[in-house]
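Data first, discussion second: the structure below is written as structure tokens.
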Amino acid sequence: MSDSPVLDVEGLAVTIGTRRGPARAVAGVDWSVQAGQTLALVGESGSGKSMSVLAATGLAPRTARVTGRVRLLGTDLTEVSPERRRRLRGRHVGFVFQDPMTSLNPVLTVGRQVSEAGEEHLGLTRRAARARAVELLDLVGIPSAAQRVDAYPHQFSGGMRQRVVIAMALACEPDLLIADEPTTALDVTTQAQIVELVADLQHRLGTAVVWITHDLGVVAGIADTVAVMYAGRIVEQGPVDAVFAHPAHPYTVALLAARPDPAARGADLVTIPGAPPSPWELPTGCAFFPRCPVRGDARCEHELPPLVPVSGRHQVRTFYPQATDGEDR
Amino acid sequence: MSETTGRSSEGQLRRTLSALRHDPLAFTGSAVLVLLVVVGVAGTWLAPAGVNEVDVDRMLQAPSWAHPFGTDELGRDVLSRVMIAARVSLQVGLVSVGIALTVGTTLGLLAGYYRGWLDNVLMRCMDVLFAFPVLLLAVAIVAVLGPGLLTATIAVGVVYTPIFARVTRAGVLSVREQVFVRAAISIGASDLRIMRRHVLPNIAAPLIVQTSLSLAFAILSEAALSFLGLGVQPPEPAWGRMLYDGRGFVTEAWWLGVFPGAAIFLTVLAFNLVGDALRDVLDPRQLTVSEARRSST
């Protein structure tokens, strides 16, 4: 299993029917993640990073039309029945959502929620499920788990709740953990603890992780591979060291430059002028063209650049790859 | 996030009971309801006389120590009849609201959870039912099914189904967008499980309030049906029926109308008082004057 990817996405496109007409949320992406590896999907809000993962696992909204091929442990999810997809997802994929304040049911004890997936997919009895819940809460570092298992979500702090959510996601020992901006709603110290916890659990359980984020610091710390998304497409992807050291797409270069620099205290923060294109009217050419500092030629405006290799597995979607170096992590 | 602002089911039960004890109106309402249930269950044994003990020598007697509520045109003890009729009222109220709650909640859950055409079909049907005046619809249903205790119960149940469907659907629409429902979907929980375990418990509060308020209206509707001769059939006593029988003597025997009428009035009032108190406790968004006053002091 070490060679074949846990989740393999090919040519995935998502179009969402809205009152204003079809919106192209994801315009064809390919990525895959291996067991024990971490893929970081990076991009600003609306770049399609969350949607591509939700659609891949069959959680896209009902109004969405999803095309492309998605293989989970070798099974093509687009060809199986919704019922089988539900079972496969529940059994093999765990999700951690952004806001731990709302991702727990306020009227159920955390134990019941953590054990839910086990009851549903592993056929555990109530008693066994409860014991398993204590085990899982202990695993994610909740102190005196045996007592806390009967507590309600409001009796936990934000960081502790996110640990509970992670315990829920791990209930069936998933092969893949999807973390959708799990640290965004937490304060900085707690963020670091959660990142560390996931990294530690991944190391111990050999789980593949897809980490959706816009925090480049987190990406540098935990990811093996990074895919930068812009306007529903991957504009640059590759091993995290290569992408951070030699960003080749003007957008990636700008993103990395926009990180706050502790050395430049007091200076204005660097921004990327303009806004991403509307998903209702994606341009035919490079989507970044209107904001691009390079703006090569007319080809950029009218022709979609292909994803081309820079070096090894490092790929970029631009006609004008930037030759950069010295960018530290 | 302090512990007091959250709601655990245990704390909620305690708060509910404490609110019922400390609010004088709610306390009175609960006391009346308890009394009513006792009388309803044990009325036959508690009543001083039989329900149909005719005594033609003592017709239309004014209230006295022997007959505190007086006697009717056949010499039957009105107190005994009012007490025994309590069971019919409670029974029709509970069973019909039970029907409305079960059917309405199920339909509302399905409509709100699945949306789409199912939602449209179900809720338009509910709108049609809702468009009729309560009593007119109940009379129409009884007219089709034939008068009697059972059909009156069904009729009242059908009449109050749409309100439960609407209350449920409104709750489901907001709860199903919550992240914890998405989380449940993501771990592959079945629709049934999500509805039962994640959605329903989160909309229990408005349903409980609606149930207690609907009980009052259901009992009133039953009385109206009985008054029209479409509910319980004589000689079985019912408050509405007693009002009807007494209306011919209203000038000479006021007690025939006043006591069954008072029974209906007190029952409806008690359910409303308790319902309001429950709303205060379970639905903090609807802070009423009494609670605002209490929390400000």
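Going through the structure tokens in order, the chains are called A, B, and so on, while each chain numbers its residues from 1 and the ligands are numbered from 1 in the order shown.
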> Counting only C-alpha atoms, which residues of chain A come no farther than 7 Å from chain B, as a PyMOL selection string?
Replying inline: chain A and resi 86-87+89-90+94-95+102-105+107+117+120+152+154-155
Dump as a PDB file, in the first residue's frame, selection limited to C-alpha atoms:
```
ATOM      1  CA  ARG A  86     -21.170   6.777   2.566  1.00  0.00           C
ATOM      2  CA  ARG A  87     -19.876   3.539   4.109  1.00  0.00           C
ATOM      3  CA  ARG A  89     -16.123   7.470   3.631  1.00  0.00           C
ATOM      4  CA  GLY A  90     -17.240   6.739   7.171  1.00  0.00           C
ATOM      5  CA  GLY A  94     -11.965  11.139   9.115  1.00  0.00           C
ATOM      6  CA  PHE A  95     -12.804  14.844   9.031  1.00  0.00           C
ATOM      7  CA  THR A 102     -20.015  24.357  16.193  1.00  0.00           C
ATOM      8  CA  SER A 103     -18.805  20.968  15.052  1.00  0.00           C
ATOM      9  CA  LEU A 104     -19.994  19.215  18.210  1.00  0.00           C
ATOM     10  CA  ASN A 105     -23.635  18.552  18.999  1.00  0.00           C
ATOM     11  CA  VAL A 107     -27.022  18.080  23.483  1.00  0.00           C
ATOM     12  CA  ALA A 117     -18.686   6.266  14.045  1.00  0.00           C
ATOM     13  CA  GLU A 120     -22.151   2.867  12.889  1.00  0.00           C
ATOM     14  CA  TYR A 152     -21.001  17.972  27.357  1.00  0.00           C
ATOM     15  CA  HIS A 154     -19.850  23.340  26.499  1.00  0.00           C
ATOM     16  CA  GLN A 155     -17.761  22.089  29.392  1.00  0.00           C
TER      17      GLN A 155
END
```
> Where does DSSP see helix (DSSP H, G or I) in stretch 50-251 of chain B, if you list the residues as a ChimeraX atom specification?
Replying inline: /B:56-58,78-114,116-131,134-145,149-175,179-186,191-227,239-249
> So how far away is atom CA of A:Thr15 from atom CA of A:Gly28, in Å?
Replying inline: 10.4 Å
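In this model, the gap between atom CA of A:Val294 and atom CA of A:Pro262 comes to 27.1 Å.
Shell of stretch 120-128 of chain B at 7 Å, with only C-alpha atoms counted and residues fewer than 6 places along the chain excluded, is Leu107, Ala111 and Pro162 of chain B.
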Only C-alpha atoms, please: the residues just picked out, written as a PDB file, in the first residue's frame.
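Written file, part.pdb:
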```pdb
ATOM      1  CA  LEU B 107     -43.475  15.054   8.352  1.00  0.00           C
ATOM      2  CA  ALA B 111     -39.592  17.944   4.761  1.00  0.00           C
ATOM      3  CA  PRO B 162     -49.714  21.165  10.582  1.00  0.00           C
TER       4      PRO B 162
END
```
> In Å, with one decimal, what is the gap from atom CA of B:Leu79 to atom CA of B:Ile264?
Replying inline: 13.7 Å
Find the residues around B:Gly275 up to 12 Å (only C-alpha atoms counted), leave out those fewer than 4 positions away in its own chain, and share them as a compact mmCIF listing (two decimals) with C-alpha atoms, in the first residue's frame.
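Once written, part24.txt looks like this:
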```txt
# COMPACT_ATOMS: atom_id res chain seq x y z
CA THR B 16 -37.28 23.66 34.32
CA ALA B 19 -38.72 27.67 37.20
CA LEU B 20 -42.05 25.91 37.64
CA LEU B 25 -48.38 31.46 37.85
CA ALA B 26 -46.58 28.40 36.56
CA PHE B 27 -46.81 26.81 40.00
CA GLY B 29 -50.89 25.99 36.57
CA SER B 30 -48.91 22.87 37.42
CA LEU B 33 -52.84 20.09 36.12
CA ALA B 205 -37.49 22.63 23.31
CA PRO B 206 -39.92 24.34 20.90
CA LEU B 207 -41.75 21.03 20.46
CA ILE B 208 -42.28 20.65 24.20
CA VAL B 209 -43.64 24.18 24.43
CA GLN B 210 -45.88 23.63 21.43
CA THR B 211 -47.18 20.40 22.94
CA SER B 212 -48.30 21.99 26.17
CA LEU B 213 -49.98 24.88 24.36
CA SER B 214 -51.64 22.54 21.87
CA LEU B 215 -53.06 20.45 24.71
CA ALA B 216 -55.05 23.48 25.83
CA PHE B 217 -56.42 24.10 22.36
CA VAL B 268 -57.04 25.55 29.28
CA LEU B 269 -55.62 28.26 31.53
CA ALA B 270 -53.44 25.78 33.40
CA PHE B 271 -51.97 24.33 30.20
CA ARG B 279 -41.14 28.56 26.85
CA ASP B 280 -39.35 30.93 29.21
CA VAL B 281 -37.03 28.19 30.36
CA LEU B 282 -36.48 26.23 27.16
CA ASP B 283 -36.48 29.01 24.59
```
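Nearest residue to B:Ala49, choosing from B:Arg241, B:His22, B:Arg81, B:Arg169 and counting only C-alpha atoms: B:Arg81.
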> If you run DSSP on the backbone, which residues of stretch 7-248 of chain A are strand (DSSP E), as a ChimeraX atom specification?
Replying inline: /A:7-18,21-33,38-42,64-72,75-76,93-96,176-180,208-213,225-230,233-239
Preceding selection exported with C-alpha atoms as an mmCIF file, in the first residue's frame:
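Result saved to part.cif:
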```cif
data_model
loop_
_atom_site.group_PDB
_atom_site.id
_atom_site.type_symbol
_atom_site.label_atom_id
_atom_site.label_comp_id
_atom_site.auth_asym_id
_atom_site.auth_seq_id
_atom_site.Cartn_x
_atom_site.Cartn_y
_atom_site.Cartn_z
ATOM 1 C CA LEU A 7 -6.697 9.099 -2.134
ATOM 2 C CA ASP A 8 -6.095 9.847 -5.788
ATOM 3 C CA VAL A 9 -7.956 12.655 -7.529
ATOM 4 C CA GLU A 10 -7.874 13.090 -11.307
ATOM 5 C CA GLY A 11 -9.442 15.841 -13.354
ATOM 6 C CA LEU A 12 -11.849 16.764 -10.593
ATOM 7 C CA ALA A 13 -14.187 19.610 -11.524
ATOM 8 C CA VAL A 14 -17.086 21.013 -9.514
ATOM 9 C CA THR A 15 -19.778 23.274 -10.890
ATOM 10 C CA ILE A 16 -22.348 24.617 -8.477
ATOM 11 C CA GLY A 17 -25.772 25.599 -9.744
ATOM 12 C CA THR A 18 -26.779 28.952 -8.269
ATOM 13 C CA GLY A 21 -26.009 30.547 -13.029
ATOM 14 C CA PRO A 22 -23.367 27.835 -12.778
ATOM 15 C CA ALA A 23 -20.328 28.716 -10.675
ATOM 16 C CA ARG A 24 -17.103 26.893 -11.440
ATOM 17 C CA ALA A 25 -15.718 26.212 -7.966
ATOM 18 C CA VAL A 26 -13.108 23.679 -9.027
ATOM 19 C CA ALA A 27 -11.894 23.705 -12.614
ATOM 20 C CA GLY A 28 -10.031 20.416 -12.898
ATOM 21 C CA VAL A 29 -7.451 19.411 -10.312
ATOM 22 C CA ASP A 30 -5.199 16.386 -9.860
ATOM 23 C CA TRP A 31 -3.625 15.456 -6.580
ATOM 24 C CA SER A 32 -2.969 12.400 -4.510
ATOM 25 C CA VAL A 33 -1.783 11.578 -1.045
ATOM 26 C CA THR A 38 0.710 15.067 4.424
ATOM 27 C CA LEU A 39 -0.623 17.054 1.503
ATOM 28 C CA ALA A 40 -1.313 20.717 2.171
ATOM 29 C CA LEU A 41 -3.873 22.481 0.001
ATOM 30 C CA VAL A 42 -3.172 26.190 0.137
ATOM 31 C CA ALA A 64 -23.038 20.730 -7.260
ATOM 32 C CA ARG A 65 -22.140 18.755 -10.373
ATOM 33 C CA VAL A 66 -18.941 16.816 -9.856
ATOM 34 C CA THR A 67 -16.884 15.270 -12.663
ATOM 35 C CA GLY A 68 -13.548 13.526 -12.678
ATOM 36 C CA ARG A 69 -12.182 10.418 -11.068
ATOM 37 C CA VAL A 70 -11.583 9.876 -7.354
ATOM 38 C CA ARG A 71 -10.033 6.690 -6.065
ATOM 39 C CA LEU A 72 -10.049 5.909 -2.345
ATOM 40 C CA THR A 75 -12.006 2.083 -5.325
ATOM 41 C CA ASP A 76 -13.438 4.647 -7.722
ATOM 42 C CA VAL A 93 -11.878 8.909 6.047
ATOM 43 C CA GLY A 94 -11.965 11.139 9.115
ATOM 44 C CA PHE A 95 -12.804 14.844 9.031
ATOM 45 C CA VAL A 96 -11.790 17.703 11.281
ATOM 46 C CA LEU A 176 -7.089 9.372 5.537
ATOM 47 C CA LEU A 177 -7.604 12.367 7.779
ATOM 48 C CA ILE A 178 -8.980 15.524 6.218
ATOM 49 C CA ALA A 179 -8.319 18.646 8.254
ATOM 50 C CA ASP A 180 -10.244 21.646 6.933
ATOM 51 C CA ALA A 208 -2.472 10.089 5.315
ATOM 52 C CA VAL A 209 -3.451 13.710 5.966
ATOM 53 C CA VAL A 210 -4.914 16.345 3.684
ATOM 54 C CA TRP A 211 -4.501 19.658 5.444
ATOM 55 C CA ILE A 212 -6.518 22.546 4.020
ATOM 56 C CA THR A 213 -5.166 25.878 5.158
ATOM 57 C CA THR A 225 3.696 18.019 -0.450
ATOM 58 C CA VAL A 226 1.990 21.330 -1.081
ATOM 59 C CA ALA A 227 -0.531 22.300 -3.748
ATOM 60 C CA VAL A 228 -1.249 25.993 -4.213
ATOM 61 C CA MET A 229 -4.718 26.646 -5.582
ATOM 62 C CA TYR A 230 -5.999 29.734 -7.315
ATOM 63 C CA ARG A 233 -6.997 25.292 -10.289
ATOM 64 C CA ILE A 234 -3.677 24.145 -8.938
ATOM 65 C CA VAL A 235 -1.116 26.737 -9.965
ATOM 66 C CA GLU A 236 1.897 25.136 -8.340
ATOM 67 C CA GLN A 237 2.556 21.874 -6.538
ATOM 68 C CA GLY A 238 5.451 19.818 -5.385
ATOM 69 C CA PRO A 239 7.549 18.794 -2.404
#
```
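Every protein, DNA or RNA residue with an atom at most 12 Å from B:Asp57, where only C-alpha atoms count and chain neighbours fewer than 5 positions away do not, is listed here: Thr71, Asp72, Glu73, Leu74, Gly75 and Arg76 of chain B.
With only C-alpha atoms as the basis for measurement, B:His67 is the residue among B:His67, B:Gln61, B:Leu110, B:Leu136 that approaches B:Pro48 most closely.
With only C-alpha atoms as the atoms that count, the residue of A:Met160, A:Ala133, A:Leu124, A:Ala199 with the shortest distance to A:Gly36 is A:Ala199.
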For A:His302: contacts at 12 Å, only C-alpha atoms, fewer than 2 positions along chain excluded, given as a compact mmCIF listing (two decimals) with N, CA and C atoms, in the first residue's frame:
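Written output follows (out29.txt):
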```txt
# COMPACT_ATOMS: atom_id res chain seq x y z
N LEU A 282 -14.96 32.72 -15.12
CA LEU A 282 -13.52 32.48 -15.12
C LEU A 282 -12.96 32.87 -16.48
N PRO A 283 -11.78 33.52 -16.47
CA PRO A 283 -11.17 33.92 -17.75
C PRO A 283 -10.70 32.69 -18.52
N THR A 284 -10.54 32.87 -19.83
CA THR A 284 -10.07 31.75 -20.65
C THR A 284 -8.57 31.53 -20.44
N GLY A 285 -7.85 32.59 -20.17
CA GLY A 285 -6.40 32.48 -19.98
C GLY A 285 -6.05 32.20 -18.55
N CYS A 286 -4.87 32.67 -18.15
CA CYS A 286 -4.40 32.49 -16.79
C CYS A 286 -5.26 33.32 -15.85
N ALA A 287 -5.81 32.68 -14.81
CA ALA A 287 -6.73 33.36 -13.92
C ALA A 287 -6.04 34.44 -13.10
N PHE A 288 -4.73 34.33 -12.96
CA PHE A 288 -3.99 35.29 -12.14
C PHE A 288 -3.55 36.51 -12.95
N PHE A 289 -3.77 36.45 -14.27
CA PHE A 289 -3.25 37.49 -15.17
C PHE A 289 -3.54 38.93 -14.70
N PRO A 290 -4.82 39.26 -14.34
CA PRO A 290 -5.11 40.65 -13.97
C PRO A 290 -4.30 41.15 -12.77
N ARG A 295 2.94 39.66 -16.01
CA ARG A 295 2.10 39.96 -17.18
C ARG A 295 2.89 39.84 -18.47
N GLY A 296 3.31 38.62 -18.76
CA GLY A 296 4.18 38.35 -19.90
C GLY A 296 3.68 38.89 -21.23
N ASP A 297 2.64 38.27 -21.80
CA ASP A 297 2.18 38.72 -23.12
C ASP A 297 0.72 38.36 -23.29
N ALA A 298 0.19 38.53 -24.50
CA ALA A 298 -1.23 38.28 -24.79
C ALA A 298 -1.60 36.83 -24.57
N ARG A 299 -0.63 35.93 -24.70
CA ARG A 299 -0.88 34.51 -24.50
C ARG A 299 -1.43 34.27 -23.08
N CYS A 300 -0.85 34.97 -22.10
CA CYS A 300 -1.27 34.83 -20.70
C CYS A 300 -2.76 35.14 -20.56
N LEU A 304 -4.82 29.17 -21.53
CA LEU A 304 -4.57 28.60 -20.20
C LEU A 304 -3.21 27.92 -20.17
N PRO A 305 -2.31 28.37 -19.30
CA PRO A 305 -1.01 27.70 -19.26
C PRO A 305 -1.15 26.28 -18.72
N PHE A 319 3.33 30.49 -17.97
CA PHE A 319 4.23 30.57 -19.12
C PHE A 319 5.56 31.18 -18.71
```
